[in-house]
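First comes the structure, then the notes that go with it.
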Amino acid sequence: MTTETTSTYNDLETLPTAALLAGMNQLDKTVPLAVQKALPQVEALVEAVVARLRAGGRLFYIGAGTSGRLGVVDASECPPTFGVPAGLVVGIMAGGDGAIRQAVEGAEDNAIQAWADLQQFNANEKDVLVGIAASGRTPYVIGGLQAARAAGLATGCVVCNAGSAVAAACEFPVEVVTGPEFITGSTRLKAGTAQKLVLNMLTTATFIRLGRVKGNKMVDMQLSNDKLVERGQRMLMDELAIPAAEAADLLHQHGSVRAALAARQ
């Protein structure tokens with residue numbers, strides 16, 4: 001596994017802070033290029049997710065450690081960004097929600113628990129499951145994908161090694177080969193960054209395709225704080241060429257940017 005190969009940097013404890021930061025930054029520059037090579041795979045996965053969600057299905061993420069946390073983060077950001085129901089994208093963490101903050105030892109080695117976790121949500125053939133595993137060998141993720149695929153779910157993954165068991169277990173693998181880490185084996189670094197970029201692409205492209213963005217604006221975003229209310233007002237001011245007070249009244253009256261635009265167009 002290239003994620004486990006020895007770092008190209010050595011004697012890290014002897015380096016000054018500036019050199020440590022420069023080294024990490026230099027390696028981080030390679031991540032977007034690795035993602036670029038995997039774009040055809042990302043496209044195939046997006047198309048599969050769009051098809052399932054358009055037909056009434058849901059998107060589930062499973063993962064352990066950093067990978068699992070990234071899935072939870074991406075899922076949690078979809079409702080406020082795109083105005084979708086909270087249960088449409090679900091992140092499931094090996095070891096349960098408590099593992100988001102504190103590691104649960106051995107949780108990732110349980111090959112049958114992921115499917116049990118998915119059944120708490122009544123996951124079925126309408127849905128799509130994406131396993132996230134930098135190593136590509138996490139038993140929790142492999143077992144979940146195998147069981148989900150057998151049950152008729154569409155299955156994909158985001159991994160950072162080529163030819164992995166996780167990729168073999170699913171229909172739509174995304175393999176972003178990021179190579180050795182700055183600290184040998186520390187996949188919270190480059191691999192984690194690559195996974196975050198792919199998940200950004202996956203849900204953003206999916207919800208654009210599903211009509212949750214107008215032009216380049218988040219017209220369905222939840223107006224959950226003052227900053228977002230002000231952003232919504234600016235959207236209406238720009239789109240309708242109206243003053244701030246009128247935009248504020250319109251947004252208050254209709255409750256969302258999309259509804260306000262529909263009322264005036």
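Following the order of the structure tokens, chains are lettered A, B, ..., residues in each are numbered from 1, and ligands are numbered from 1.
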query = Neighbours of stretch 210-218 of chain A within 10 Å (only C-alpha atoms; same-chain residues fewer than 5 positions away dropped), as a ChimeraX atom specification?
reply = /A:50-51,53-54,80-84,204-205,231-232,235,257-258
Contact residues around A:Gly156 with only C-alpha atoms at 7 Å, ignoring same-chain residues under 6 positions, as a tab-separated table (two decimals) with N, CA and C atoms, in the first residue's frame:
chain	number	residue	atom	x	y	z
A	45	LEU	N	-19.43	7.61	-10.21
A	45	LEU	CA	-20.08	7.51	-8.90
A	45	LEU	C	-21.16	8.58	-8.76
A	129	LEU	N	-24.55	3.19	-1.18
A	129	LEU	CA	-23.60	3.18	-0.08
A	129	LEU	C	-22.21	3.47	-0.60
A	130	VAL	N	-21.53	4.43	0.01
A	130	VAL	CA	-20.15	4.76	-0.34
A	130	VAL	C	-19.27	4.47	0.87
A	131	GLY	N	-18.32	3.57	0.70
A	131	GLY	CA	-17.36	3.27	1.75
A	131	GLY	C	-16.15	4.16	1.61
A	170	CYS	N	-17.04	-3.06	-4.47
A	170	CYS	CA	-18.10	-2.15	-4.90
A	170	CYS	C	-18.10	-1.98	-6.42
A	171	GLU	N	-19.17	-1.36	-6.90
A	171	GLU	CA	-19.37	-1.17	-8.34
A	171	GLU	C	-18.71	0.09	-8.87
A	172	PHE	N	-18.63	1.11	-8.05
A	172	PHE	CA	-18.15	2.41	-8.51
A	172	PHE	C	-16.99	2.90	-7.63
A	173	PRO	N	-15.82	2.28	-7.76
A	173	PRO	CA	-14.69	2.69	-6.92
A	173	PRO	C	-14.07	3.99	-7.40
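One distance worth recording is that between atom CA of A:Gly68 and atom CA of A:Ala99, which is 9.0 Å.
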**Report entry** Those in stretch 77-241 of chain A with strand (DSSP E) from DSSP, as a list in words
**Finding:**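 Answer for stretch 77-241 of chain A restricted to strand (DSSP E) is Val89, Val90, Gly91, Ile92, Met93, Val128, Leu129, Val130, Gly131, Ile132, Ala133, Ala154, Thr155, Gly156, Cys157, Val158, Val159, Phe172, Pro173, Val174 and Glu175 of chain A.
Neighbouring residues of A:Gln146 at 9 Å or closer, counting only C-alpha atoms and skipping chain neighbours under 3 positions away, are Trp115, Val141, Ile142, Gly143, Arg149, Ala150, Ala151, Thr155, Ala169 and Cys170 of chain A.
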Long-range neighbours of A:Leu236 as an NGL selection string, 10 Å cut-off, only C-alpha atoms, 3 positions minimum in chain: :A and (219 or 230-233 or 239-244 or 246-248 or 250-251 or 257-258 or 260-261)
* To do: Find the residues near A:Thr8: any atom within 12 Å, counting only C-alpha atoms, skip ones fewer than 3 places away on the same chain, and give them as a list in words.
  =>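 With the cut-off at 12 Å, the set is Thr2, Thr3, Glu4, Thr5, Asp11, Leu12, Gly23, Met24, Gln26, Leu27, Gly179, Pro180, Glu181, Phe182, Ile183, Thr184 and Gly185 of chain A.
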Limited to N, CA and C atoms, could you put the picked residues into a file as an mmCIF file, in the first residue's frame?
data_model
loop_
_atom_site.group_PDB
_atom_site.id
_atom_site.type_symbol
_atom_site.label_atom_id
_atom_site.label_comp_id
_atom_site.auth_asym_id
_atom_site.auth_seq_id
_atom_site.Cartn_x
_atom_site.Cartn_y
_atom_site.Cartn_z
ATOM 1 N N THR A 2 0.654 2.100 -0.973
ATOM 2 C CA THR A 2 1.495 3.295 -1.068
ATOM 3 C C THR A 2 1.268 4.245 0.101
ATOM 4 N N THR A 3 0.088 4.199 0.724
ATOM 5 C CA THR A 3 -0.145 5.066 1.875
ATOM 6 C C THR A 3 0.703 4.652 3.073
ATOM 7 N N GLU A 4 1.230 3.440 3.040
ATOM 8 C CA GLU A 4 2.047 2.951 4.152
ATOM 9 C C GLU A 4 3.547 2.993 3.847
ATOM 10 N N THR A 5 3.913 3.392 2.648
ATOM 11 C CA THR A 5 5.334 3.432 2.312
ATOM 12 C C THR A 5 6.034 4.561 3.059
ATOM 13 N N ASP A 11 14.089 12.402 9.603
ATOM 14 C CA ASP A 11 14.586 13.172 10.749
ATOM 15 C C ASP A 11 13.696 14.380 11.036
ATOM 16 N N LEU A 12 12.394 14.142 11.012
ATOM 17 C CA LEU A 12 11.444 15.247 11.168
ATOM 18 C C LEU A 12 11.635 15.987 12.484
ATOM 19 N N GLY A 23 7.476 21.325 4.004
ATOM 20 C CA GLY A 23 7.413 19.949 3.530
ATOM 21 C C GLY A 23 5.987 19.452 3.390
ATOM 22 N N MET A 24 5.161 19.724 4.390
ATOM 23 C CA MET A 24 3.757 19.311 4.310
ATOM 24 C C MET A 24 3.056 20.009 3.157
ATOM 25 N N GLN A 26 4.375 21.145 0.432
ATOM 26 C CA GLN A 26 4.861 20.610 -0.838
ATOM 27 C C GLN A 26 4.141 19.315 -1.198
ATOM 28 N N LEU A 27 3.950 18.448 -0.214
ATOM 29 C CA LEU A 27 3.232 17.207 -0.483
ATOM 30 C C LEU A 27 1.746 17.467 -0.744
ATOM 31 N N GLY A 179 0.010 8.362 -2.445
ATOM 32 C CA GLY A 179 1.407 8.072 -2.158
ATOM 33 C C GLY A 179 1.767 8.209 -0.689
ATOM 34 N N PRO A 180 3.061 8.182 -0.372
ATOM 35 C CA PRO A 180 3.503 8.233 1.029
ATOM 36 C C PRO A 180 3.158 9.554 1.694
ATOM 37 N N GLU A 181 2.905 9.472 3.006
ATOM 38 C CA GLU A 181 2.552 10.648 3.788
ATOM 39 C C GLU A 181 3.800 11.330 4.350
ATOM 40 N N PHE A 182 3.626 12.551 4.803
ATOM 41 C CA PHE A 182 4.730 13.300 5.414
ATOM 42 C C PHE A 182 5.256 12.548 6.640
ATOM 43 N N ILE A 183 4.327 12.100 7.500
ATOM 44 C CA ILE A 183 4.650 11.157 8.557
ATOM 45 C C ILE A 183 4.191 9.795 8.072
ATOM 46 N N THR A 184 5.071 8.836 7.997
ATOM 47 C CA THR A 184 4.765 7.538 7.401
ATOM 48 C C THR A 184 3.469 6.947 7.966
ATOM 49 N N GLY A 185 2.517 6.669 7.077
ATOM 50 C CA GLY A 185 1.271 6.017 7.444
ATOM 51 C C GLY A 185 0.197 6.917 8.013
#
- Mind the document's chain letters and residue numbers, and return as a PyMOL selection string the residues of stretch 101-222 of chain A that DSSP labels alpha helix (DSSP H). chain A and resi 113-119+139-150+165-168+190-209
Just C-alpha atoms for this one: save the residues we selected as a short mmCIF file (atom, residue, chain, number, x, y, z; two decimals), in the first residue's frame.
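Once written, selection-v9.cif looks like this:
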data_model
loop_
_atom_site.label_atom_id
_atom_site.label_comp_id
_atom_site.auth_asym_id
_atom_site.auth_seq_id
_atom_site.Cartn_x
_atom_site.Cartn_y
_atom_site.Cartn_z
CA GLN A 113 -21.25 -4.34 12.07
CA ALA A 114 -21.61 -1.90 9.17
CA TRP A 115 -24.58 -3.73 7.70
CA ALA A 116 -26.17 -3.91 11.15
CA ASP A 117 -25.62 -0.16 11.50
CA LEU A 118 -27.20 0.44 8.09
CA GLN A 119 -30.25 -1.59 9.04
CA PRO A 139 -13.00 -4.81 7.38
CA TYR A 140 -15.91 -2.67 8.60
CA VAL A 141 -16.12 -1.01 5.18
CA ILE A 142 -15.48 -4.16 3.13
CA GLY A 143 -18.16 -6.12 4.96
CA GLY A 144 -20.66 -3.29 4.70
CA LEU A 145 -20.14 -2.91 0.96
CA GLN A 146 -20.39 -6.64 0.33
CA ALA A 147 -23.63 -6.95 2.29
CA ALA A 148 -25.10 -3.83 0.71
CA ARG A 149 -24.25 -4.95 -2.80
CA ALA A 150 -25.85 -8.34 -2.15
CA ALA A 165 -10.22 -4.99 -1.27
CA VAL A 166 -12.63 -2.10 -0.65
CA ALA A 167 -12.55 -1.14 -4.32
CA ALA A 168 -13.12 -4.76 -5.33
CA LYS A 190 -2.72 13.79 2.18
CA ALA A 191 -5.14 10.88 1.98
CA GLY A 192 -7.65 12.64 4.22
CA THR A 193 -7.38 15.79 2.12
CA ALA A 194 -7.99 13.78 -1.05
CA GLN A 195 -11.04 12.09 0.45
CA LYS A 196 -12.45 15.44 1.54
CA LEU A 197 -12.01 16.84 -1.97
CA VAL A 198 -13.79 13.86 -3.52
CA LEU A 199 -16.68 14.01 -1.07
CA ASN A 200 -17.02 17.73 -1.77
CA MET A 201 -17.28 16.90 -5.46
CA LEU A 202 -19.67 14.03 -4.94
CA THR A 203 -22.40 15.81 -3.01
CA THR A 204 -21.94 19.20 -4.64
CA ALA A 205 -22.19 17.81 -8.17
CA THR A 206 -25.06 15.55 -7.14
CA PHE A 207 -27.20 18.32 -5.72
CA ILE A 208 -26.42 20.67 -8.58
CA ARG A 209 -27.65 17.94 -10.93
#
Between A:Val158, A:Leu21, A:Leu189, A:Ala64, smallest distance to A:Asn110 by only C-alpha atoms belongs to A:Ala64
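Of the residues listed (A:Val89, A:Ile100, A:Val159, A:Lys227), A:Val89 shows the shortest atom-to-atom separation from A:Val49; distances use only C-alpha atoms.
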note - atom CA of A:Ser256 and atom CA of A:Asp220 are separated by 6.5 Å
For atom CA of A:Glu13 and atom CA of A:Arg101, determine how far apart the two atoms are, in Å to one decimal place.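 According to the coordinates, atom CA of A:Glu13 and atom CA of A:Arg101 are separated by 27.5 Å.
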